[in-house]
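Note: the block below is upload_31.cif and it holds mmCIF, C-alpha atoms.
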```
data_run
loop_
_atom_site.label_atom_id
_atom_site.label_comp_id
_atom_site.auth_asym_id
_atom_site.auth_seq_id
_atom_site.Cartn_x
_atom_site.Cartn_y
_atom_site.Cartn_z
CA MET A 1 139.14 -26.82 21.11
CA VAL A 2 136.90 -26.66 24.17
CA THR A 3 134.07 -29.17 24.11
CA SER A 4 130.56 -28.36 25.38
CA ASP A 5 131.09 -30.64 28.41
CA GLN A 6 134.32 -28.87 29.28
CA ARG A 7 132.60 -25.49 28.93
CA ARG A 8 129.76 -26.60 31.24
CA ARG A 9 132.25 -27.80 33.84
CA GLN A 10 134.15 -24.52 33.57
CA LEU A 11 130.97 -22.47 34.07
CA ALA A 12 129.93 -24.64 37.03
CA ARG A 13 133.36 -24.19 38.61
CA GLN A 14 133.21 -20.41 38.13
CA LYS A 15 129.72 -20.30 39.67
CA PHE A 16 130.93 -22.32 42.66
CA GLU A 17 133.91 -19.99 43.13
CA ARG A 18 131.61 -16.94 43.05
CA GLN A 19 129.37 -18.51 45.68
CA GLN A 20 132.35 -19.30 47.91
CA GLN A 21 133.64 -15.72 47.60
CA ARG A 22 130.24 -14.30 48.57
CA ARG A 23 129.96 -16.66 51.52
CA GLU A 24 133.42 -15.74 52.76
CA GLN A 25 132.57 -12.03 52.50
CA ALA A 26 129.36 -12.65 54.46
CA ARG A 27 131.30 -14.55 57.14
CA ARG A 28 133.75 -11.66 57.55
CA LYS A 29 130.91 -9.14 57.85
CA ALA A 30 129.12 -11.35 60.36
CA ARG A 31 132.22 -11.78 62.51
CA ARG A 32 132.77 -8.02 62.63
CA ARG A 33 129.11 -7.33 63.41
CA ASN A 34 128.90 -10.04 66.08
CA ALA A 35 132.05 -8.72 67.75
CA VAL A 36 130.46 -5.28 68.04
CA ILE A 37 127.22 -6.72 69.43
CA ALA A 38 129.12 -8.86 71.94
CA ALA A 39 130.99 -5.78 73.12
CA VAL A 40 127.73 -3.87 73.55
CA LEU A 41 126.20 -6.74 75.50
CA ALA A 42 129.24 -6.89 77.75
CA VAL A 43 128.91 -3.18 78.54
CA VAL A 44 125.19 -3.52 79.28
CA VAL A 45 125.70 -6.51 81.57
CA ALA A 46 128.56 -4.77 83.34
CA ALA A 47 126.26 -1.81 83.99
CA GLY A 48 123.72 -4.08 85.62
CA GLY A 49 121.20 -3.77 82.81
CA ALA A 50 119.46 -6.30 80.60
CA ALA A 51 119.76 -6.59 76.86
CA TYR A 52 116.76 -7.60 74.78
CA LEU A 53 117.46 -8.32 71.15
CA SER A 54 114.95 -8.62 68.34
CA VAL A 55 116.92 -11.34 66.65
CA GLY A 56 116.63 -12.34 63.02
CA LEU A 57 116.79 -16.07 62.34
CA ALA A 58 119.36 -16.58 59.63
CA ASP A 59 119.54 -19.25 56.97
CA GLY A 60 122.14 -18.76 54.28
CA ALA A 61 124.87 -16.38 53.21
CA SER A 62 122.79 -13.22 53.28
CA ARG A 63 121.91 -13.58 56.96
CA ASP A 64 124.83 -15.13 58.76
CA ASP A 65 124.38 -12.24 61.23
CA ALA A 66 123.17 -14.56 63.97
CA SER A 67 122.68 -11.70 66.40
CA ARG A 68 121.24 -9.01 64.18
CA THR A 69 119.47 -6.32 66.19
CA ASP A 70 116.46 -6.05 63.92
CA PRO A 71 114.54 -8.36 61.60
CA THR A 72 114.85 -6.07 58.57
CA PRO A 73 115.14 -8.15 55.39
CA ALA A 74 118.57 -8.22 53.79
CA PRO A 75 119.25 -8.72 50.07
CA SER A 76 119.69 -12.35 49.16
CA GLU A 77 123.13 -13.31 47.92
CA SER A 78 122.48 -17.02 47.65
CA GLU A 79 121.88 -18.94 44.45
CA SER A 80 119.62 -21.98 44.22
CA SER A 81 121.51 -24.67 42.39
CA SER A 82 118.81 -27.33 42.34
CA PRO A 83 115.01 -27.36 42.12
CA GLU A 84 112.62 -27.80 45.02
CA PRO A 85 111.75 -31.52 45.32
CA LYS A 86 108.57 -32.68 43.64
CA MET A 87 105.58 -33.34 45.88
CA ALA A 88 105.79 -36.92 47.15
CA ILE A 89 103.68 -36.82 50.31
CA ASP A 90 100.01 -36.95 51.22
CA ALA A 91 99.22 -33.23 51.23
CA LYS A 92 96.39 -33.84 53.71
CA GLY A 93 98.32 -36.10 56.05
CA THR A 94 100.17 -35.69 59.33
CA TYR A 95 103.87 -36.52 59.58
CA ARG A 96 106.29 -36.95 62.45
CA MET A 97 109.93 -35.93 62.36
CA SER A 98 112.19 -37.69 64.85
CA LEU A 99 115.65 -36.41 65.72
CA ASP A 100 118.02 -38.72 67.56
CA THR A 101 120.39 -36.19 69.11
CA SER A 102 123.34 -36.22 71.47
CA GLN A 103 121.11 -34.66 74.16
CA GLY A 104 118.14 -36.99 73.70
CA ALA A 105 115.24 -37.63 71.35
CA ILE A 106 113.38 -34.64 69.90
CA ALA A 107 110.24 -35.31 67.88
CA PHE A 108 107.61 -33.06 66.40
CA THR A 109 104.44 -33.43 64.36
CA MET A 110 103.92 -31.67 61.02
CA ASP A 111 100.54 -31.01 59.40
CA ALA A 112 100.93 -31.27 55.63
CA ALA A 113 97.50 -29.72 55.09
CA LYS A 114 98.86 -26.43 56.45
CA THR A 115 102.46 -26.58 55.19
CA PRO A 116 102.61 -29.13 52.36
CA ARG A 117 105.74 -27.89 50.64
CA THR A 118 107.67 -27.49 53.89
CA VAL A 119 106.73 -30.99 55.05
CA ASN A 120 107.51 -32.43 51.62
CA SER A 121 110.96 -30.82 51.67
CA PHE A 122 111.75 -32.08 55.16
CA LYS A 123 110.74 -35.63 54.30
CA HIS A 124 112.81 -35.46 51.13
CA LEU A 125 115.87 -34.25 53.03
CA ALA A 126 115.46 -36.68 55.93
CA ASP A 127 115.02 -39.63 53.55
CA LYS A 128 118.35 -38.84 51.89
CA GLY A 129 120.15 -38.44 55.26
CA PHE A 130 120.69 -34.70 54.83
CA PHE A 131 120.29 -33.89 58.55
CA ASP A 132 122.36 -36.82 59.83
CA GLY A 133 125.58 -35.62 61.43
CA THR A 134 124.51 -31.97 61.54
CA THR A 135 124.55 -29.78 64.64
CA CYS A 136 122.11 -27.36 66.21
CA HIS A 137 124.53 -24.49 65.84
CA ARG A 138 122.70 -21.64 67.54
CA LEU A 139 120.96 -21.06 70.86
CA THR A 140 119.28 -17.78 71.79
CA THR A 141 118.46 -17.02 75.43
CA GLN A 142 117.72 -13.27 75.33
CA GLY A 143 114.77 -11.61 73.62
CA ILE A 144 113.73 -14.85 71.95
CA PHE A 145 114.25 -18.42 73.10
CA VAL A 146 115.11 -20.80 70.30
CA LEU A 147 117.49 -23.56 69.29
CA GLN A 148 118.36 -23.42 65.59
CA CYS A 149 119.25 -26.55 63.62
CA GLY A 150 119.37 -27.95 60.10
CA ASP A 151 122.56 -26.38 58.75
CA PRO A 152 124.89 -28.94 57.09
CA GLN A 153 127.80 -26.51 57.50
CA GLY A 154 127.14 -25.74 61.18
CA ASP A 155 127.82 -22.01 60.81
CA GLY A 156 124.44 -20.60 59.77
CA MET A 157 125.47 -20.51 56.11
CA GLY A 158 124.36 -23.88 54.79
CA GLY A 159 121.27 -25.12 53.01
CA PRO A 160 119.96 -27.76 50.61
CA GLY A 161 120.69 -25.82 47.41
CA TYR A 162 117.08 -24.81 46.83
CA THR A 163 114.45 -22.68 48.55
CA ILE A 164 110.84 -23.30 49.56
CA PRO A 165 108.01 -20.78 49.88
CA ASP A 166 106.61 -19.36 53.10
CA GLU A 167 103.48 -21.11 54.35
CA ASN A 168 100.97 -20.75 57.20
CA LEU A 169 102.22 -17.29 58.21
CA THR A 170 98.81 -16.18 59.52
CA ALA A 171 98.45 -19.18 61.83
CA LEU A 172 99.68 -17.36 64.94
CA GLY A 173 97.17 -14.53 64.75
CA LYS A 174 97.22 -10.85 63.97
CA PRO A 175 100.47 -9.01 64.76
CA ALA A 176 100.50 -6.64 67.73
CA ALA A 177 101.35 -2.96 67.45
CA ASP A 178 105.06 -3.85 67.33
CA GLY A 179 104.46 -6.04 64.28
CA LYS A 180 105.15 -9.27 66.15
CA VAL A 181 103.23 -12.39 67.09
CA THR A 182 103.95 -14.97 69.77
CA TYR A 183 105.57 -18.21 68.66
CA PRO A 184 104.51 -20.47 71.56
CA ALA A 185 106.90 -22.84 73.30
CA GLY A 186 106.95 -26.08 71.36
CA THR A 187 106.68 -24.43 67.95
CA VAL A 188 108.98 -25.52 65.13
CA ALA A 189 109.45 -22.88 62.43
CA MET A 190 111.60 -22.19 59.39
CA ALA A 191 114.60 -19.89 59.38
CA ASN A 192 115.10 -17.85 56.22
CA THR A 193 117.37 -15.29 54.58
CA GLY A 194 115.19 -12.31 55.50
CA GLN A 195 113.54 -12.34 52.10
CA PRO A 196 110.09 -13.84 51.43
CA ASN A 197 110.01 -17.46 50.25
CA SER A 198 113.67 -18.10 51.08
CA GLY A 199 113.49 -21.06 53.47
CA GLY A 200 115.97 -23.88 53.03
CA SER A 201 116.84 -26.57 55.56
CA GLN A 202 117.42 -24.53 58.72
CA PHE A 203 114.69 -24.48 61.34
CA PHE A 204 114.30 -23.40 64.95
CA LEU A 205 112.77 -25.02 68.02
CA VAL A 206 111.01 -22.60 70.37
CA TYR A 207 111.49 -23.63 74.02
CA LYS A 208 109.83 -20.58 75.59
CA ASP A 209 107.18 -18.22 74.20
CA SER A 210 108.96 -15.84 71.83
CA LYS A 211 107.80 -12.70 70.04
CA LEU A 212 108.86 -12.46 66.40
CA PRO A 213 107.53 -10.98 63.17
CA PRO A 214 105.19 -13.46 61.41
CA ALA A 215 107.84 -14.11 58.76
CA TYR A 216 108.90 -17.63 59.75
CA THR A 217 106.78 -20.58 58.62
CA PRO A 218 105.44 -22.45 61.69
CA PHE A 219 105.23 -26.05 60.58
CA GLY A 220 105.59 -28.34 63.60
CA THR A 221 104.81 -28.93 67.27
CA ILE A 222 107.35 -30.58 69.58
CA ASP A 223 106.16 -33.38 71.86
CA GLU A 224 106.55 -33.00 75.64
CA ALA A 225 109.62 -35.22 75.92
CA GLY A 226 111.38 -33.39 73.11
CA LEU A 227 110.50 -30.00 74.52
CA SER A 228 112.06 -31.03 77.83
CA VAL A 229 115.28 -31.83 75.98
CA VAL A 230 115.33 -28.43 74.26
CA LYS A 231 114.51 -26.62 77.52
CA ALA A 232 117.47 -28.33 79.19
CA VAL A 233 119.75 -27.14 76.39
CA GLY A 234 118.35 -23.64 76.82
CA ALA A 235 118.81 -23.71 80.59
CA ALA A 236 122.50 -24.61 80.19
CA GLY A 237 123.00 -21.41 78.23
CA VAL A 238 125.26 -20.17 75.48
CA ALA A 239 128.99 -20.81 75.36
CA GLY A 240 130.92 -17.91 76.86
CA GLY A 241 127.88 -16.62 78.72
CA ALA A 242 126.49 -14.66 75.76
CA GLY A 243 122.80 -14.47 74.90
CA ASP A 244 123.18 -15.86 71.39
CA GLY A 245 125.62 -18.39 70.00
CA ALA A 246 126.67 -22.01 70.26
CA PRO A 247 124.94 -23.86 73.11
CA VAL A 248 126.97 -25.05 76.10
CA LYS A 249 125.26 -28.41 75.69
CA ALA A 250 126.30 -29.25 72.15
CA VAL A 251 123.47 -30.79 70.14
CA SER A 252 124.38 -33.06 67.24
CA VAL A 253 121.83 -34.95 65.17
CA LYS A 254 122.78 -38.59 64.86
CA LYS A 255 119.78 -39.54 62.74
CA ALA A 256 116.68 -37.77 61.42
CA ALA A 257 113.63 -39.55 60.08
CA VAL A 258 110.18 -38.52 58.87
CA SER A 259 107.25 -40.93 59.01
CA LYS A 260 103.55 -40.56 58.32
CA GLY A 261 101.06 -40.45 61.16
#
```
Mind converting the file's structure to structure tokens?
Amino acid sequence: MVTSDQRRRQLARQKFERQQQRREQARRKARRRNAVIAAVLAVVVAAGGAAYLSVGLADGASRDDASRTDPTPAPSESESSSPEPKMAIDAKGTYRMSLDTSQGAIAFTMDAAKTPRTVNSFKHLADKGFFDGTTCHRLTTQGIFVLQCGDPQGDGMGGPGYTIPDENLTALGKPAADGKVTYPAGTVAMANTGQPNSGGSQFFLVYKDSKLPPAYTPFGTIDEAGLSVVKAVGAAGVAGGAGDGAPVKAVSVKKAAVSKG
């Protein structure tokens, strides 16, 4: 006879297996798509042209396409397995996130009055050591100029097991005719799955003004010293000479901490 505990464990195992299957399918699709894009870029460069990509910023299984050529939302395939953390911060306060990385210190301020649930989530994750030992897995040097971090898996597929809502999306002004706004150098914003309210733990650091749809929660501002570190990573380029991929200067987070003030 199967007990209720055994049945719960069986269901949890089946759910985990389904998630792993979906993630593996997404990885295969992403590898095929990225190979095609890399080939196109190689042809353009060989012809003496320049490639400008409107790149979606992926977070999770549904958007592992790190070099997608448009920001069109894709159906979410991820499942939240735990609830968003309860509010445990001063929703009117200012917080500072400090990243001790292999390339130097990167710190940024976060205004909880504008993005309370994002700041609350980041403090929750930092306090439990979630970001420690992670890598900034993606650098983009064409079209947009960002360093993407916060993935515990290091492949663009990982997250905290829950999602947080979009916040502060009108902060960067009215979109231009192309539907985009400028994310200024020094901005820290959330990556997402392409669907509304699908942020997790992945975020990106803008090291040069970048035009993107206003779909990514801007929640922090990098200090001058930290921005210099990110610019140096950007200047070193992407491994293999591509415009999007792992940075030549590998960035690993030794320790992340969030403090008030």
Every residue with an atom at most 9 Å from (120.0, -22.4, 69.6) (file coordinates; only C-alpha atoms) is what I'm after, so could you write them as a list in words?
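In the file's frame, the residues around the point are Cys136, His137, Arg138, Leu139, Thr140, Thr141, Phe145, Val146, Leu147, Gln148, Cys149, Phe204, Leu205, Val230, Val233, Gly234, Val238, Asp244, Gly245, Ala246 and Pro247 of chain A.
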Can you measure CA of Pro165 (chain A) to CA of Leu57 (chain A) for me? One decimal in Å is fine.
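Separation of CA of Pro165 (chain A) and CA of Leu57 (chain A): 16.0 Å.
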Write out, as CSV, each residue of region 165-247 of chain A that has an atom at most 12 Å from region 97-106 of chain A, together with the closest pair of atoms and their distance in Å to one decimal, counting only C-alpha atoms, rows going by chain and rising number.
```
residue,atom,partner,partner_atom,distance
A:Gly186,CA,A:Ile106,CA,10.8
A:Val188,CA,A:Met97,CA,10.8
A:Leu205,CA,A:Ile106,CA,9.8
A:Tyr207,CA,A:Ile106,CA,11.9
A:Phe219,CA,A:Met97,CA,11.1
A:Gly220,CA,A:Met97,CA,8.8
A:Thr221,CA,A:Met97,CA,10.0
A:Ile222,CA,A:Ile106,CA,7.3
A:Asp223,CA,A:Ile106,CA,7.6
A:Glu224,CA,A:Ile106,CA,9.1
A:Ala225,CA,A:Ile106,CA,7.1
A:Gly226,CA,A:Ile106,CA,4.0
A:Leu227,CA,A:Ile106,CA,7.2
A:Ser228,CA,A:Ile106,CA,8.8
A:Val229,CA,A:Gly104,CA,6.3
A:Val230,CA,A:Ile106,CA,7.8
A:Lys231,CA,A:Gln103,CA,10.9
A:Ala232,CA,A:Gln103,CA,8.9
A:Val233,CA,A:Gln103,CA,8.0
A:Gly234,CA,A:Gln103,CA,11.7
A:Ala236,CA,A:Gln103,CA,11.8
A:Pro247,CA,A:Gln103,CA,11.5
```
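Every polymer residue reaching to within 8 Å of (119.7, -25.7, 53.4), counting all atoms listed in the file, appears in this list: Asp59, Gly60, Gly150, Asp151, Pro152, Gly158, Gly159, Pro160, Gly161, Tyr162, Thr163, Gly199, Gly200, Ser201 and Gln202 of chain A.
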Same residues, C-alpha atoms, saved as a JSON list (two decimals), in the frame of the given file:
```json
[["chain", "number", "residue", "atom", "x", "y", "z"],
["A", 59, "ASP", "CA", 119.54, -19.25, 56.97],
["A", 60, "GLY", "CA", 122.14, -18.76, 54.28],
["A", 150, "GLY", "CA", 119.37, -27.95, 60.10],
["A", 151, "ASP", "CA", 122.56, -26.38, 58.75],
["A", 152, "PRO", "CA", 124.89, -28.94, 57.09],
["A", 158, "GLY", "CA", 124.36, -23.88, 54.79],
["A", 159, "GLY", "CA", 121.27, -25.12, 53.01],
["A", 160, "PRO", "CA", 119.96, -27.76, 50.61],
["A", 161, "GLY", "CA", 120.69, -25.82, 47.41],
["A", 162, "TYR", "CA", 117.08, -24.81, 46.83],
["A", 163, "THR", "CA", 114.45, -22.68, 48.55],
["A", 199, "GLY", "CA", 113.49, -21.06, 53.47],
["A", 200, "GLY", "CA", 115.97, -23.88, 53.03],
["A", 201, "SER", "CA", 116.84, -26.57, 55.56],
["A", 202, "GLN", "CA", 117.42, -24.53, 58.72]]
```
In terms of the shortest atom-to-atom distance over only C-alpha atoms, which of A:Lys174, A:Ser198, A:Lys86, A:Arg96 is closest to Ala126 (chain A)?
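Closest to Ala126 (chain A), using only C-alpha atoms: A:Arg96.
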Hey, can you check how far CA of Ala176 (chain A) sits from CA of Ile144 (chain A)?
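Value for the CA of Ala176 (chain A)-CA of Ile144 (chain A) distance: 16.1 Å.
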As an exercise, work out the distance from CA of Ala112 (chain A) to CA of Lys254 (chain A) in Å and give it to one decimal place.
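Those two atoms sit 24.8 Å apart.
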Could you state which residues are captured by the PyMOL selection byres ((chain A and resi 258) around 12) in this file, as a VMD selection string?
chain A and resid 89 94 to 100 107 to 110 119 to 131 255 to 257 259 to 261
Prev. selection, C-alpha atoms, output as a PDB file, keeping the file's coordinate frame:
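Full text of result-v2.pdb as output:
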```
ATOM      1  CA  ILE A  89     103.680 -36.820  50.310  1.00  0.00           C
ATOM      2  CA  THR A  94     100.170 -35.690  59.330  1.00  0.00           C
ATOM      3  CA  TYR A  95     103.870 -36.520  59.580  1.00  0.00           C
ATOM      4  CA  ARG A  96     106.290 -36.950  62.450  1.00  0.00           C
ATOM      5  CA  MET A  97     109.930 -35.930  62.360  1.00  0.00           C
ATOM      6  CA  SER A  98     112.190 -37.690  64.850  1.00  0.00           C
ATOM      7  CA  LEU A  99     115.650 -36.410  65.720  1.00  0.00           C
ATOM      8  CA  ASP A 100     118.020 -38.720  67.560  1.00  0.00           C
ATOM      9  CA  ALA A 107     110.240 -35.310  67.880  1.00  0.00           C
ATOM     10  CA  PHE A 108     107.610 -33.060  66.400  1.00  0.00           C
ATOM     11  CA  THR A 109     104.440 -33.430  64.360  1.00  0.00           C
ATOM     12  CA  MET A 110     103.920 -31.670  61.020  1.00  0.00           C
ATOM     13  CA  VAL A 119     106.730 -30.990  55.050  1.00  0.00           C
ATOM     14  CA  ASN A 120     107.510 -32.430  51.620  1.00  0.00           C
ATOM     15  CA  SER A 121     110.960 -30.820  51.670  1.00  0.00           C
ATOM     16  CA  PHE A 122     111.750 -32.080  55.160  1.00  0.00           C
ATOM     17  CA  LYS A 123     110.740 -35.630  54.300  1.00  0.00           C
ATOM     18  CA  HIS A 124     112.810 -35.460  51.130  1.00  0.00           C
ATOM     19  CA  LEU A 125     115.870 -34.250  53.030  1.00  0.00           C
ATOM     20  CA  ALA A 126     115.460 -36.680  55.930  1.00  0.00           C
ATOM     21  CA  ASP A 127     115.020 -39.630  53.550  1.00  0.00           C
ATOM     22  CA  LYS A 128     118.350 -38.840  51.890  1.00  0.00           C
ATOM     23  CA  GLY A 129     120.150 -38.440  55.260  1.00  0.00           C
ATOM     24  CA  PHE A 130     120.690 -34.700  54.830  1.00  0.00           C
ATOM     25  CA  PHE A 131     120.290 -33.890  58.550  1.00  0.00           C
ATOM     26  CA  LYS A 255     119.780 -39.540  62.740  1.00  0.00           C
ATOM     27  CA  ALA A 256     116.680 -37.770  61.420  1.00  0.00           C
ATOM     28  CA  ALA A 257     113.630 -39.550  60.080  1.00  0.00           C
ATOM     29  CA  SER A 259     107.250 -40.930  59.010  1.00  0.00           C
ATOM     30  CA  LYS A 260     103.550 -40.560  58.320  1.00  0.00           C
ATOM     31  CA  GLY A 261     101.060 -40.450  61.160  1.00  0.00           C
TER      32      GLY A 261
END
```
Just the residues within 9 Å of Arg117 (chain A), please, counting only C-alpha atoms, with nothing from its chain fewer than 6 positions along; format it as a short mmCIF file (atom, residue, chain, number, x, y, z; two decimals) with C-alpha atoms, in the coordinates of the input.
```cif
data_model
loop_
_atom_site.label_atom_id
_atom_site.label_comp_id
_atom_site.auth_asym_id
_atom_site.auth_seq_id
_atom_site.Cartn_x
_atom_site.Cartn_y
_atom_site.Cartn_z
CA GLU A 84 112.62 -27.80 45.02
CA PRO A 85 111.75 -31.52 45.32
CA LYS A 86 108.57 -32.68 43.64
CA MET A 87 105.58 -33.34 45.88
CA ALA A 91 99.22 -33.23 51.23
CA ILE A 164 110.84 -23.30 49.56
CA PRO A 165 108.01 -20.78 49.88
CA ASP A 166 106.61 -19.36 53.10
CA GLU A 167 103.48 -21.11 54.35
#
```
Distance criterion (all atoms listed in the file): nearest to Pro214 (chain A) out of A:Leu169, A:Ala189, A:Val253, A:Ala177
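Smallest distance to Pro214 (chain A) is found for A:Leu169.
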Ranking A:Lys114, A:Gln142, A:Gly93, A:Thr135 by minimum distance to Asp155 (chain A) and counting only C-alpha atoms, which one comes first?
A:Thr135
Go through A:Gly173, A:Gly243, A:Gly143, A:Gly156 and flag the residue nearest Pro218 (chain A), using all atoms listed in the file for the distances.
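Closest to Pro218 (chain A) of all the choices is A:Gly173.
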Taking the file as shown, find all residues satisfying the PyMOL selection byres ((chain A and resi 184) around 7) and write them as a PyMOL selection string.
chain A and resi 182-183+185-187+206+208-210
